[in-house]
file entry_9.txt (compact mmCIF, C-alpha atoms)
# COMPACT_ATOMS: atom_id res chain seq x y z
CA MET A 1 -93.76 -44.04 -0.42
CA PHE A 2 -91.88 -47.04 -1.85
CA TYR A 3 -88.83 -46.41 0.34
CA SER A 4 -90.92 -46.03 3.50
CA LEU A 5 -92.40 -49.47 2.86
CA LEU A 6 -89.01 -51.01 2.11
CA LYS A 7 -87.07 -49.35 4.93
CA PRO A 8 -88.16 -51.71 7.79
CA LEU A 9 -86.87 -54.68 5.80
CA LEU A 10 -83.61 -52.94 4.94
CA PHE A 11 -83.02 -51.86 8.53
CA SER A 12 -83.53 -55.43 9.71
CA LEU A 13 -80.46 -56.42 7.69
CA ASP A 14 -76.77 -55.73 8.22
CA PRO A 15 -76.16 -52.17 6.95
CA GLU A 16 -73.68 -53.20 4.26
CA VAL A 17 -75.91 -56.04 3.06
CA ALA A 18 -78.83 -53.60 2.83
CA HIS A 19 -76.69 -51.05 1.00
CA ASN A 20 -75.52 -53.60 -1.56
CA MET A 21 -79.07 -54.85 -2.05
CA ILE A 22 -80.34 -51.37 -2.83
CA MET A 23 -77.41 -50.66 -5.15
CA ASP A 24 -78.13 -53.87 -7.08
CA VAL A 25 -81.71 -52.71 -7.64
CA VAL A 26 -81.08 -49.08 -8.60
CA LYS A 27 -78.19 -49.81 -10.96
CA LEU A 28 -80.46 -52.19 -12.91
CA CYS A 29 -83.56 -49.96 -12.75
CA PRO A 30 -82.45 -46.34 -13.14
CA THR A 31 -86.00 -45.31 -14.11
CA LEU A 32 -86.95 -45.76 -10.46
CA GLY A 33 -84.96 -42.60 -9.84
CA ALA A 34 -87.30 -40.47 -11.91
CA LEU A 35 -90.41 -42.10 -10.47
CA SER A 36 -89.42 -41.21 -6.89
CA GLY A 37 -87.29 -38.12 -7.49
CA ILE A 38 -87.75 -34.40 -8.04
CA LYS A 39 -87.75 -32.46 -11.29
CA HIS A 40 -85.15 -29.76 -11.73
CA ASP A 41 -86.40 -26.18 -11.66
CA PRO A 42 -83.99 -23.82 -13.47
CA ALA A 43 -84.60 -21.22 -10.76
CA LEU A 44 -82.88 -23.51 -8.22
CA SER A 45 -79.60 -23.98 -10.07
CA VAL A 46 -76.38 -22.62 -8.57
CA VAL A 47 -72.85 -22.23 -9.87
CA VAL A 48 -70.19 -23.87 -7.70
CA GLY A 49 -66.76 -22.99 -9.02
CA LYS A 50 -67.07 -23.49 -12.77
CA THR A 51 -69.77 -26.14 -12.45
CA ARG A 52 -73.48 -25.42 -12.60
CA TRP A 53 -75.34 -27.59 -10.11
CA SER A 54 -78.98 -28.14 -11.02
CA PHE A 55 -79.96 -27.99 -7.32
CA PRO A 56 -78.02 -26.80 -4.23
CA VAL A 57 -78.01 -30.26 -2.61
CA GLY A 58 -75.73 -32.95 -4.03
CA LEU A 59 -74.95 -36.57 -3.25
CA ALA A 60 -71.81 -37.04 -1.14
CA ALA A 61 -69.13 -39.59 -1.94
CA GLY A 62 -69.36 -43.03 -0.37
CA LEU A 63 -72.84 -44.09 -1.44
CA ASP A 64 -71.97 -44.97 -5.04
CA LYS A 65 -68.33 -45.96 -4.57
CA ASN A 66 -67.98 -47.69 -7.93
CA ALA A 67 -70.10 -45.33 -10.05
CA GLU A 68 -72.59 -48.13 -10.72
CA ALA A 69 -75.86 -46.21 -10.38
CA LEU A 70 -75.13 -42.75 -11.77
CA PRO A 71 -78.25 -42.62 -13.99
CA PHE A 72 -80.47 -43.43 -11.00
CA PHE A 73 -78.98 -40.74 -8.76
CA SER A 74 -79.08 -38.23 -11.59
CA ALA A 75 -82.79 -38.96 -12.08
CA GLN A 76 -83.41 -38.54 -8.33
CA GLY A 77 -82.72 -34.84 -8.74
CA PHE A 78 -79.46 -34.34 -6.87
CA GLY A 79 -77.72 -31.13 -7.87
CA ALA A 80 -74.45 -33.00 -8.39
CA ILE A 81 -73.32 -36.60 -7.86
CA GLU A 82 -70.01 -37.49 -6.27
CA CYS A 83 -68.79 -41.05 -6.71
CA GLY A 84 -65.88 -42.83 -5.04
CA THR A 85 -63.57 -42.83 -3.25
CA ILE A 86 -61.73 -44.37 -6.23
CA THR A 87 -58.20 -45.72 -5.89
CA LEU A 88 -55.75 -46.68 -8.59
CA ILE A 89 -55.74 -50.39 -7.74
CA PRO A 90 -58.82 -52.33 -6.54
CA GLN A 91 -58.97 -52.95 -2.82
CA MET A 92 -61.27 -54.87 -0.51
CA GLY A 93 -61.26 -52.39 2.34
CA ASN A 94 -61.33 -53.31 6.01
CA PRO A 95 -62.78 -56.53 7.48
CA ARG A 96 -66.53 -56.77 8.10
CA PRO A 97 -68.61 -55.74 9.93
CA ARG A 98 -67.66 -52.19 9.01
CA MET A 99 -70.96 -50.29 8.83
CA PHE A 100 -73.14 -49.53 11.84
CA ARG A 101 -76.41 -47.68 12.37
CA TYR A 102 -77.53 -45.41 15.23
CA PRO A 103 -81.23 -45.00 14.34
CA GLU A 104 -82.16 -43.00 17.44
CA GLU A 105 -79.54 -40.43 16.49
CA ARG A 106 -80.04 -40.75 12.72
CA SER A 107 -76.34 -41.41 12.32
CA LEU A 108 -73.99 -44.02 10.86
CA ARG A 109 -70.49 -45.25 11.60
CA ASN A 110 -68.33 -46.72 8.88
CA ALA A 111 -64.88 -48.28 8.91
CA MET A 112 -64.89 -49.17 5.23
CA GLY A 113 -61.34 -48.31 4.17
CA PHE A 114 -61.99 -47.29 0.53
CA PRO A 115 -63.35 -50.58 -0.84
CA ASN A 116 -63.68 -50.08 -4.59
CA GLN A 117 -63.08 -51.80 -7.91
CA GLY A 118 -60.19 -49.58 -8.95
CA LEU A 119 -59.60 -47.21 -11.84
CA LEU A 120 -59.65 -49.65 -14.75
CA GLU A 121 -63.03 -51.17 -13.89
CA ILE A 122 -64.74 -47.94 -12.84
CA MET A 123 -63.43 -45.69 -15.60
CA PRO A 124 -65.69 -47.06 -18.42
CA ARG A 125 -68.78 -46.22 -16.33
CA LEU A 126 -67.59 -42.66 -15.87
CA THR A 127 -66.74 -42.34 -19.55
CA SER A 128 -70.16 -43.60 -20.63
CA TYR A 129 -72.14 -41.46 -18.16
CA ALA A 130 -74.57 -39.40 -20.23
CA GLY A 131 -76.58 -37.69 -17.50
CA THR A 132 -77.02 -33.95 -17.24
CA THR A 133 -76.24 -33.88 -13.51
CA PRO A 134 -72.64 -32.76 -12.83
CA LEU A 135 -70.36 -35.62 -11.83
CA GLY A 136 -67.77 -35.31 -9.09
CA VAL A 137 -65.01 -37.89 -8.71
CA ASN A 138 -63.52 -38.46 -5.27
CA ILE A 139 -60.02 -39.97 -5.41
CA GLY A 140 -57.68 -41.36 -2.77
CA LYS A 141 -54.54 -43.38 -2.34
CA ASN A 142 -54.37 -47.14 -1.92
CA LYS A 143 -53.87 -48.38 1.62
CA ASP A 144 -50.31 -49.66 1.14
CA THR A 145 -49.09 -46.75 -0.96
CA THR A 146 -46.48 -44.61 0.78
CA PRO A 147 -46.99 -40.84 0.99
CA GLU A 148 -44.16 -40.35 -1.49
CA GLU A 149 -45.70 -42.79 -3.98
CA SER A 150 -49.19 -41.38 -3.49
CA ILE A 151 -48.35 -38.12 -5.30
CA GLY A 152 -47.84 -40.04 -8.54
CA GLU A 153 -50.82 -42.30 -7.83
CA LEU A 154 -53.24 -39.42 -7.33
CA SER A 155 -51.79 -37.57 -10.30
CA LEU A 156 -52.41 -40.60 -12.51
CA LEU A 157 -56.02 -40.89 -11.32
CA PHE A 158 -56.52 -37.16 -11.84
CA GLU A 159 -55.15 -37.26 -15.38
CA ALA A 160 -56.94 -40.46 -16.42
CA LEU A 161 -60.37 -39.16 -15.39
CA GLN A 162 -60.04 -35.57 -16.63
CA ASP A 163 -62.60 -35.98 -19.39
CA SER A 164 -65.12 -37.80 -17.20
CA ALA A 165 -65.47 -35.50 -14.19
CA SER A 166 -67.09 -32.11 -13.69
CA TYR A 167 -65.00 -31.75 -10.55
CA PHE A 168 -62.47 -33.69 -8.47
CA VAL A 169 -62.17 -34.18 -4.73
CA ILE A 170 -58.95 -35.18 -2.99
CA ASN A 171 -59.71 -37.38 0.00
CA VAL A 172 -56.90 -37.37 2.57
CA SER A 173 -59.29 -37.05 5.51
CA SER A 174 -60.98 -40.42 5.90
CA PRO A 175 -60.27 -41.95 9.33
CA ASN A 176 -60.41 -45.49 7.93
CA THR A 177 -57.05 -45.75 6.15
CA PRO A 178 -54.04 -45.87 8.51
CA GLY A 179 -51.94 -42.71 8.28
CA LEU A 180 -54.20 -41.03 5.72
CA ARG A 181 -55.13 -38.02 7.84
CA ALA A 182 -51.43 -37.29 8.36
CA LEU A 183 -51.43 -36.27 4.69
CA GLN A 184 -53.35 -33.11 5.59
CA GLU A 185 -49.96 -31.55 6.38
CA ILE A 186 -49.04 -28.45 4.38
CA SER A 187 -45.75 -29.86 3.12
CA TYR A 188 -47.46 -32.89 1.56
CA LEU A 189 -50.39 -30.95 0.12
CA THR A 190 -48.05 -28.33 -1.33
CA GLU A 191 -46.24 -31.04 -3.26
CA LEU A 192 -49.49 -32.74 -4.27
CA PHE A 193 -51.28 -29.65 -5.57
CA THR A 194 -48.16 -28.39 -7.32
CA GLU A 195 -48.19 -31.66 -9.25
CA LEU A 196 -51.95 -31.74 -9.91
CA ASN A 197 -52.00 -28.15 -11.12
CA ARG A 198 -49.59 -29.06 -13.91
CA ASN A 199 -52.31 -30.98 -15.77
CA ARG A 200 -55.43 -29.48 -14.28
CA GLY A 201 -56.80 -27.81 -17.38
CA GLY A 202 -59.12 -25.53 -15.43
CA LYS A 203 -60.96 -28.42 -13.81
CA ASP A 204 -62.74 -27.77 -10.49
CA LEU A 205 -60.72 -29.28 -7.66
CA PHE A 206 -61.66 -29.58 -3.98
CA LEU A 207 -59.90 -30.77 -0.84
CA LYS A 208 -62.08 -32.71 1.59
CA ILE A 209 -61.07 -32.06 5.20
CA ALA A 210 -61.54 -33.84 8.51
CA PRO A 211 -63.76 -32.43 11.29
CA ASP A 212 -61.29 -33.39 14.02
CA LEU A 213 -58.79 -30.61 13.41
CA PRO A 214 -58.05 -27.51 15.51
CA LYS A 215 -59.23 -24.14 14.23
CA GLU A 216 -55.70 -23.06 13.33
CA LYS A 217 -55.27 -26.12 11.11
CA ILE A 218 -58.63 -25.59 9.41
CA LEU A 219 -57.71 -22.01 8.52
CA GLU A 220 -54.28 -23.13 7.35
CA LEU A 221 -55.91 -25.58 4.93
CA ALA A 222 -58.38 -22.95 3.75
CA ARG A 223 -55.52 -20.56 2.96
CA LEU A 224 -53.59 -23.30 1.20
CA ALA A 225 -56.62 -24.10 -0.96
CA HIS A 226 -56.85 -20.44 -1.90
CA ASP A 227 -53.11 -20.10 -2.61
CA PHE A 228 -53.13 -23.11 -4.94
CA LYS A 229 -56.26 -21.85 -6.65
CA LEU A 230 -58.33 -24.88 -5.68
CA THR A 231 -62.05 -24.42 -6.21
CA GLY A 232 -62.44 -24.82 -2.47
CA LEU A 233 -62.99 -27.17 0.44
CA ILE A 234 -65.54 -29.86 1.24
CA ALA A 235 -66.25 -29.77 4.96
CA THR A 236 -66.34 -32.28 6.42
CA ASN A 237 -65.49 -35.97 6.34
CA THR A 238 -66.70 -38.28 9.12
CA THR A 239 -65.68 -37.73 12.75
CA ILE A 240 -63.80 -40.01 15.12
CA MET A 241 -65.77 -41.00 18.23
CA PRO A 242 -63.65 -43.66 20.01
CA GLU A 243 -66.43 -44.46 22.45
CA ARG A 244 -68.53 -45.65 19.49
CA GLY A 245 -65.80 -47.83 18.00
CA ALA A 246 -63.40 -47.74 15.04
CA GLY A 247 -64.26 -45.72 11.99
CA GLY A 248 -65.94 -42.41 11.26
CA VAL A 249 -69.37 -41.19 12.35
CA SER A 250 -71.74 -39.29 10.07
CA GLY A 251 -75.23 -37.87 10.36
CA VAL A 252 -76.77 -35.91 13.22
CA LEU A 253 -73.91 -36.84 15.56
CA LEU A 254 -71.57 -34.97 13.20
CA ARG A 255 -73.80 -31.96 12.57
CA GLU A 256 -72.59 -29.56 15.26
CA LYS A 257 -68.90 -30.19 14.61
CA SER A 258 -69.32 -29.88 10.84
CA GLN A 259 -71.34 -26.68 11.18
CA ASP A 260 -68.71 -25.14 13.44
CA ILE A 261 -65.97 -25.86 10.92
CA CYS A 262 -68.01 -24.50 8.01
CA ARG A 263 -68.71 -21.36 10.04
CA THR A 264 -65.01 -20.96 10.83
CA ILE A 265 -64.07 -21.18 7.16
CA LEU A 266 -66.86 -18.93 5.92
CA ASN A 267 -66.14 -16.27 8.54
CA GLU A 268 -62.68 -15.84 7.05
CA GLN A 269 -64.33 -14.77 3.77
CA ILE A 270 -61.62 -16.44 1.72
CA ASP A 271 -62.43 -16.21 -1.97
CA SER A 272 -63.13 -19.88 -2.62
CA GLU A 273 -66.09 -22.25 -2.53
CA LEU A 274 -67.25 -24.36 0.38
CA ILE A 275 -69.40 -27.47 0.02
CA ALA A 276 -70.91 -28.44 3.37
CA VAL A 277 -71.49 -32.07 4.31
CA GLY A 278 -72.17 -33.65 7.69
CA GLY A 279 -75.52 -33.71 9.45
CA ILE A 280 -77.45 -31.95 6.67
CA THR A 281 -80.83 -33.52 7.37
CA ARG A 282 -83.43 -30.76 6.94
CA PRO A 283 -84.01 -27.51 5.01
CA LYS A 284 -83.15 -25.50 8.14
CA ASP A 285 -79.59 -26.84 7.97
CA LEU A 286 -79.25 -25.57 4.42
CA PHE A 287 -80.73 -22.17 5.23
CA GLU A 288 -78.34 -21.83 8.17
CA LEU A 289 -75.45 -22.58 5.81
CA TRP A 290 -76.66 -19.84 3.46
CA HIS A 291 -76.94 -17.47 6.42
CA GLU A 292 -73.23 -17.99 7.14
CA GLY A 293 -72.30 -17.35 3.52
CA GLY A 294 -72.33 -20.89 2.11
CA LYS A 295 -74.12 -22.09 -0.98
CA ALA A 296 -74.06 -25.84 -1.70
CA ALA A 297 -74.35 -28.94 0.49
CA GLN A 298 -74.12 -32.70 0.15
CA VAL A 299 -76.04 -35.50 1.86
CA TYR A 300 -75.48 -39.20 2.45
CA THR A 301 -76.61 -40.40 5.89
CA ALA A 302 -79.85 -38.40 5.82
CA TYR A 303 -80.62 -39.97 2.44
CA VAL A 304 -80.14 -43.43 3.97
CA TYR A 305 -82.64 -42.62 6.70
CA GLN A 306 -85.16 -40.57 4.70
CA GLY A 307 -84.81 -41.84 1.14
CA PRO A 308 -86.17 -39.78 -1.77
CA GLU A 309 -88.43 -37.82 0.59
CA LEU A 310 -85.33 -35.93 1.71
CA LEU A 311 -84.87 -34.23 -1.65
CA LYS A 312 -88.58 -33.51 -1.86
CA LYS A 313 -88.45 -31.70 1.50
CA PHE A 314 -85.52 -29.59 0.36
CA ASN A 315 -87.14 -28.87 -3.00
CA LYS A 316 -90.41 -27.78 -1.43
CA ALA A 317 -88.72 -25.54 1.14
CA ILE A 318 -86.40 -23.87 -1.38
CA LEU A 319 -89.20 -23.29 -3.89
CA ASN A 320 -91.23 -21.70 -1.12
CA PHE A 321 -88.27 -19.49 -0.20
CA ILE A 322 -87.66 -18.17 -3.71
CA LYS A 323 -91.40 -17.66 -4.27
CA ILE A 324 -91.70 -15.53 -1.15
CA GLN A 325 -88.52 -13.63 -2.02
CA ASN A 326 -89.49 -13.36 -5.71
CA ILE A 327 -85.96 -14.26 -6.71
CA THR A 328 -83.97 -17.09 -8.29
CA LEU A 329 -81.20 -18.76 -6.29
CA GLU A 330 -78.60 -17.32 -8.64
CA GLU A 331 -79.96 -13.83 -7.98
CA PHE A 332 -80.08 -14.55 -4.25
CA PHE A 333 -76.40 -15.54 -4.11
CA SER A 334 -75.44 -12.41 -6.04
CA LEU A 335 -76.71 -10.28 -3.15
CA SER A 336 -74.48 -9.05 -0.36
CA LEU A 337 -74.16 -11.34 2.64
CA GLU A 338 -76.04 -8.88 4.82
CA GLU A 339 -78.95 -8.80 2.38
CA ARG A 340 -78.99 -12.61 2.21
CA LYS A 341 -79.07 -12.82 6.00
CA TYR A 342 -81.98 -10.40 6.11
CA ARG A 343 -84.00 -12.42 3.61
CA LEU A 344 -83.33 -15.63 5.55
CA LYS A 345 -84.37 -14.33 8.97
CA ASP A 346 -87.77 -16.01 8.88
CA PHE A 347 -86.43 -19.34 7.64
CA ILE A 348 -83.90 -20.33 10.29
call {"tool": "encode", "arguments": {"input": "entry_9.txt", "output": "C-alpha cells"}}
result
Amino acid sequence: MFYSLLKPLLFSLDPEVAHNMIMDVVKLCPTLGALSGIKHDPALSVVVGKTRWSFPVGLAAGLDKNAEALPFFSAQGFGAIECGTITLIPQMGNPRPRMFRYPEERSLRNAMGFPNQGLLEIMPRLTSYAGTTPLGVNIGKNKDTTPEESIGELSLLFEALQDSASYFVINVSSPNTPGLRALQEISYLTELFTELNRNRGGKDLFLKIAPDLPKEKILELARLAHDFKLTGLIATNTTIMPERGAGGVSGVLLREKSQDICRTILNEQIDSELIAVGGITRPKDLFELWHEGGKAAQVYTAYVYQGPELLKKFNKAILNFIKIQNITLEEFFSLSLEERKYRLKDFI
C-alpha cells in the first residue's frame, strides 16, 4: 500500500534520483522491510547449489550495488540477496543520464557502468551483515583494467570476500563496460576459473551470461561451467537494443529472450544449477521456469514497478500450489521432471 502511494512521486523523478532516494530511506529504516514484506514459510525453501534459499525468488544484483540496505531486503522476504556489482577500486560509472524507464512495457534501460564504492568501503557492510537471508556477491573488473590484469583483480575480490558471501557471481556480461562481454571467451574464462578454483573453499560460484549470444555459445558456456565445477549459470544479464539507446534493457522487453536461453540450457540437462533472471514479473513466469526444469529466479525491474506486492503475489501463488499438491517445494524438486511437469499443468 505504501509503495503504491509513493510510486507516482518516484516515477515523476529521474530514475536514478528516485532510486537513490528510496535507497536512502530503506538503509536508514530496515524495519520497513518487515512491515511491507512476506514471512518465510519453511515449506518454500529450496537448495541452490550448497546454499539454502528461504524462498525461490531472490533479489538480482544492481539494486543494492553498495550493500547498503541488506537488512531491509532480507526483511522483505527475498530468498537470497545479491549485491553489487563490486569492483576492486571505486568507480563513478558512466555519465548521467544513465537510467531510463519504459512504463508501458514495464521495462528499464541502464547504462550505469558498475558505479560502486569499491571493495574497501563495501566490505565492512558485508562482514557485519547478520541477516538469515543468503547473501550473494556479484563481482566485476574495473573499467580500465586490462583482461590480463582482471584475473588477479577478480581473484583478490573473491578471496577478500570469502567469509562474507553465501555465493559469488562473476559478471563479464554487462553491456555497459567497454570490452567486458569479450571476456565471455572460453580461453579467458578457463584462465579465470582455474585461478578462482585455487582458493574457492567449496563456495558456490556462478557465471552470469549475456542474452545476446548464439545458441552454440550459450551451450559452450554451460559446458565450461560444468567442467570447472561452477555451481551454475545466471541467465541472463540485460539485452542490447540499439534502437532504444546505449545500455542494457531489462524487464518485460527481455523476458522472451531470457526464457529462450534458460530453456536452451535446461534442455541440455547439464548437472548444474540455473538461476533465471530477466522479465520475471508474475508467478506464471516462475511456474514456466519450473516446467522446463529450473528452480530459482531473481527479480529487479519487476520489483521497481510493483514494489513489495511482487513478493506477496509470488508467495500467495506458491503457497497455493504446494497446498493443492500437498507437498513442500523441496519434495517437489526431488520428483522427476516429468512428474513436475504433470503437477504444473494447471498453473501455466
call {"tool": "closest_residue", "arguments": {"input": "entry_9.txt", "among": "A:Gly118, A:Pro56, A:Gly307, A:Pro175", "to": "Leu5 in chain A", "atoms": "all atoms listed in the file"}}
result
A:Gly307
call {"tool": "residues_around", "arguments": {"input": "entry_9.txt", "residues": "range 38-42 of chain A", "least_positions_apart": "5", "cutoff": "9 Å", "atoms": "only C-alpha atoms", "output": "mmCIF file with C-alpha atoms, keeping the file's coordinate frame"}}
result
data_model
loop_
_atom_site.group_PDB
_atom_site.id
_atom_site.type_symbol
_atom_site.label_atom_id
_atom_site.label_comp_id
_atom_site.auth_asym_id
_atom_site.auth_seq_id
_atom_site.Cartn_x
_atom_site.Cartn_y
_atom_site.Cartn_z
ATOM 1 C CA GLY A 33 -84.960 -42.600 -9.840
ATOM 2 C CA SER A 54 -78.980 -28.140 -11.020
ATOM 3 C CA PHE A 55 -79.960 -27.990 -7.320
ATOM 4 C CA ALA A 75 -82.790 -38.960 -12.080
ATOM 5 C CA GLN A 76 -83.410 -38.540 -8.330
ATOM 6 C CA GLY A 77 -82.720 -34.840 -8.740
ATOM 7 C CA PHE A 78 -79.460 -34.340 -6.870
ATOM 8 C CA GLY A 79 -77.720 -31.130 -7.870
ATOM 9 C CA PRO A 308 -86.170 -39.780 -1.770
ATOM 10 C CA LEU A 311 -84.870 -34.230 -1.650
ATOM 11 C CA LYS A 312 -88.580 -33.510 -1.860
ATOM 12 C CA ASN A 315 -87.140 -28.870 -3.000
ATOM 13 C CA LEU A 319 -89.200 -23.290 -3.890
ATOM 14 C CA THR A 328 -83.970 -17.090 -8.290
#
call {"tool": "closest_residue", "arguments": {"input": "entry_9.txt", "among": "A:Ala130, A:Val249, A:Val137, A:Leu6", "to": "Ser174 in chain A", "atoms": "all atoms listed in the file"}}
result
A:Val249
call {"tool": "closest_atom_pairs", "arguments": {"input": "entry_9.txt", "of": "range 41-83 of chain A", "to": "range 211-232 of chain A", "cutoff": "10 Å", "atoms": "only C-alpha atoms", "output": "CSV"}}
result
residue,atom,partner,partner_atom,distance
A:Val48,CA,A:Thr231,CA,8.3
A:Gly49,CA,A:Thr231,CA,5.7
A:Lys50,CA,A:Thr231,CA,8.3
call {"tool": "atom_distance", "arguments": {"input": "entry_9.txt", "atom1": "CA of Asp144 in chain A", "atom2": "CA of Ala111 in chain A"}}
result
16.6 Å
call {"tool": "closest_residue", "arguments": {"input": "entry_9.txt", "among": "A:Phe287, A:Phe73, A:Tyr102, A:Tyr3", "to": "Thr301 in chain A", "atoms": "all atoms listed in the file"}}
result
A:Tyr102
call {"tool": "closest_atom_pairs", "arguments": {"input": "entry_9.txt", "of": "range 264-343 of chain A", "to": "range 81-85 of chain A", "cutoff": "12 Å", "atoms": "all atoms listed in the file", "output": "CSV"}}
result
residue,atom,partner,partner_atom,distance
A:Ile275,CA,A:Glu82,CA,11.8
A:Val277,CA,A:Glu82,CA,12.0
A:Ala297,CA,A:Ile81,CA,11.4
A:Gln298,CA,A:Ile81,CA,8.9
A:Val299,CA,A:Ile81,CA,10.2
A:Tyr300,CA,A:Glu82,CA,10.4
call {"tool": "residues_around", "arguments": {"input": "entry_9.txt", "residues": "Pro134 in chain A", "least_positions_apart": "5", "cutoff": "7 Å", "atoms": "only C-alpha atoms", "output": "PyMOL selection string"}}
result
chain A and resi 53+80-81+166
call {"tool": "write_last_selection", "arguments": {"input": "entry_9.txt", "atoms": "C-alpha atoms", "output": "PDB file, in the frame of the given file"}}
result
ATOM      1  CA  TRP A  53     -75.340 -27.590 -10.110  1.00  0.00           C
ATOM      2  CA  ALA A  80     -74.450 -33.000  -8.390  1.00  0.00           C
ATOM      3  CA  ILE A  81     -73.320 -36.600  -7.860  1.00  0.00           C
ATOM      4  CA  SER A 166     -67.090 -32.110 -13.690  1.00  0.00           C
TER       5      SER A 166
END
call {"tool": "residues_around", "arguments": {"input": "entry_9.txt", "residues": "Phe158 in chain A", "least_positions_apart": "2", "cutoff": "9 Å", "atoms": "all atoms listed in the file", "output": "list in words"}}
result
Ile139, Glu153, Leu154, Ser155, Leu156, Ala160, Leu161, Gln162, Phe168, Leu196, Asn199 and Arg200 of chain A
call {"tool": "axis_aligned_box", "arguments": {"input": "entry_9.txt", "around": "range 333-345 of chain A", "padding_each_side": "4 Å", "output": "lines of an AutoDock Vina configuration file"}}
result
center_x = -79.3
center_y = -12.2
center_z = 1.5
size_x = 18.2
size_y = 14.8
size_z = 23.0
call {"tool": "closest_residue", "arguments": {"input": "entry_9.txt", "among": "A:Gly62, A:Pro97, A:Gly278, A:Pro115", "to": "Asn138 in chain A", "atoms": "only C-alpha atoms"}}
result
A:Gly62
call {"tool": "closest_residue", "arguments": {"input": "entry_9.txt", "among": "A:Leu289, A:Val47, A:Ile89, A:Met123", "to": "Glu330 in chain A", "atoms": "all atoms listed in the file"}}
result
A:Val47
call {"tool": "atom_distance", "arguments": {"input": "entry_9.txt", "atom1": "CA of Ser74 in chain A", "atom2": "CA of Asn142 in chain A"}}
result
28.0 Å
call {"tool": "atom_distance", "arguments": {"input": "entry_9.txt", "atom1": "CA of Leu337 in chain A", "atom2": "CA of Ser272 in chain A"}}
result
14.9 Å
call {"tool": "closest_residue", "arguments": {"input": "entry_9.txt", "among": "A:Leu192, A:Ile280, A:Leu126, A:Ile151", "to": "Asp163 in chain A", "atoms": "all atoms listed in the file"}}
result
A:Leu126
call {"tool": "residues_around", "arguments": {"input": "entry_9.txt", "residues": "Gln259 in chain A", "least_positions_apart": "3", "cutoff": "10 Å", "atoms": "all atoms listed in the file", "output": "JSON, numbers by chain"}}
result
{"A": [211, 235, 236, 254, 255, 256, 262, 263, 264, 265, 276, 277, 278, 279, 280, 285, 288, 289, 292]}
call {"tool": "residues_around", "arguments": {"input": "entry_9.txt", "residues": "Ile234 in chain A", "least_positions_apart": "4", "cutoff": "7 Å", "atoms": "all atoms listed in the file", "output": "ChimeraX atom specification"}}
result
/A:206-209,274-276
call {"tool": "build_atoms", "arguments": {"input": "entry_9.txt", "residues": "range 167-182 of chain A", "atoms": "N, CA and C atoms", "output": "PDB file, in the coordinates of the input"}}
result
ATOM      1  N   TYR A 167     -65.925 -32.232 -11.581  1.00  0.00           N
ATOM      2  CA  TYR A 167     -65.000 -31.750 -10.550  1.00  0.00           C
ATOM      3  C   TYR A 167     -64.348 -32.935  -9.859  1.00  0.00           C
ATOM      4  N   PHE A 168     -63.215 -32.672  -9.208  1.00  0.00           N
ATOM      5  CA  PHE A 168     -62.470 -33.690  -8.470  1.00  0.00           C
ATOM      6  C   PHE A 168     -62.414 -33.320  -6.996  1.00  0.00           C
ATOM      7  N   VAL A 169     -62.343 -34.364  -6.168  1.00  0.00           N
ATOM      8  CA  VAL A 169     -62.170 -34.180  -4.730  1.00  0.00           C
ATOM      9  C   VAL A 169     -61.005 -35.047  -4.275  1.00  0.00           C
ATOM     10  N   ILE A 170     -60.065 -34.442  -3.567  1.00  0.00           N
ATOM     11  CA  ILE A 170     -58.950 -35.180  -2.990  1.00  0.00           C
ATOM     12  C   ILE A 170     -59.322 -35.569  -1.566  1.00  0.00           C
ATOM     13  N   ASN A 171     -59.308 -36.871  -1.315  1.00  0.00           N
ATOM     14  CA  ASN A 171     -59.710 -37.380   0.000  1.00  0.00           C
ATOM     15  C   ASN A 171     -58.470 -37.844   0.767  1.00  0.00           C
ATOM     16  N   VAL A 172     -57.980 -36.984   1.653  1.00  0.00           N
ATOM     17  CA  VAL A 172     -56.900 -37.370   2.570  1.00  0.00           C
ATOM     18  C   VAL A 172     -57.394 -37.216   4.008  1.00  0.00           C
ATOM     19  N   SER A 173     -58.715 -37.326   4.188  1.00  0.00           N
ATOM     20  CA  SER A 173     -59.290 -37.050   5.510  1.00  0.00           C
ATOM     21  C   SER A 173     -60.152 -38.167   6.059  1.00  0.00           C
ATOM     22  N   SER A 174     -60.246 -39.290   5.347  1.00  0.00           N
ATOM     23  CA  SER A 174     -60.980 -40.420   5.900  1.00  0.00           C
ATOM     24  C   SER A 174     -60.231 -40.981   7.103  1.00  0.00           C
ATOM     25  N   PRO A 175     -60.951 -41.362   8.178  1.00  0.00           N
ATOM     26  CA  PRO A 175     -60.270 -41.950   9.330  1.00  0.00           C
ATOM     27  C   PRO A 175     -60.035 -43.446   9.204  1.00  0.00           C
ATOM     28  N   ASN A 176     -60.385 -44.027   8.046  1.00  0.00           N
ATOM     29  CA  ASN A 176     -60.410 -45.490   7.930  1.00  0.00           C
ATOM     30  C   ASN A 176     -59.221 -46.109   7.192  1.00  0.00           C
ATOM     31  N   THR A 177     -58.291 -45.267   6.755  1.00  0.00           N
ATOM     32  CA  THR A 177     -57.050 -45.750   6.150  1.00  0.00           C
ATOM     33  C   THR A 177     -55.901 -45.303   7.040  1.00  0.00           C
ATOM     34  N   PRO A 178     -55.124 -46.223   7.586  1.00  0.00           N
ATOM     35  CA  PRO A 178     -54.040 -45.870   8.510  1.00  0.00           C
ATOM     36  C   PRO A 178     -53.099 -44.823   7.925  1.00  0.00           C
ATOM     37  N   GLY A 179     -52.885 -43.741   8.693  1.00  0.00           N
ATOM     38  CA  GLY A 179     -51.940 -42.710   8.280  1.00  0.00           C
ATOM     39  C   GLY A 179     -52.471 -41.710   7.281  1.00  0.00           C
ATOM     40  N   LEU A 180     -53.706 -41.905   6.786  1.00  0.00           N
ATOM     41  CA  LEU A 180     -54.200 -41.030   5.720  1.00  0.00           C
ATOM     42  C   LEU A 180     -54.334 -39.584   6.189  1.00  0.00           C
ATOM     43  N   ARG A 181     -54.891 -39.389   7.384  1.00  0.00           N
ATOM     44  CA  ARG A 181     -55.130 -38.020   7.840  1.00  0.00           C
ATOM     45  C   ARG A 181     -53.831 -37.245   8.081  1.00  0.00           C
ATOM     46  N   ALA A 182     -52.725 -37.959   8.233  1.00  0.00           N
ATOM     47  CA  ALA A 182     -51.430 -37.290   8.360  1.00  0.00           C
ATOM     48  C   ALA A 182     -51.067 -36.551   7.082  1.00  0.00           C
TER      49      ALA A 182
END
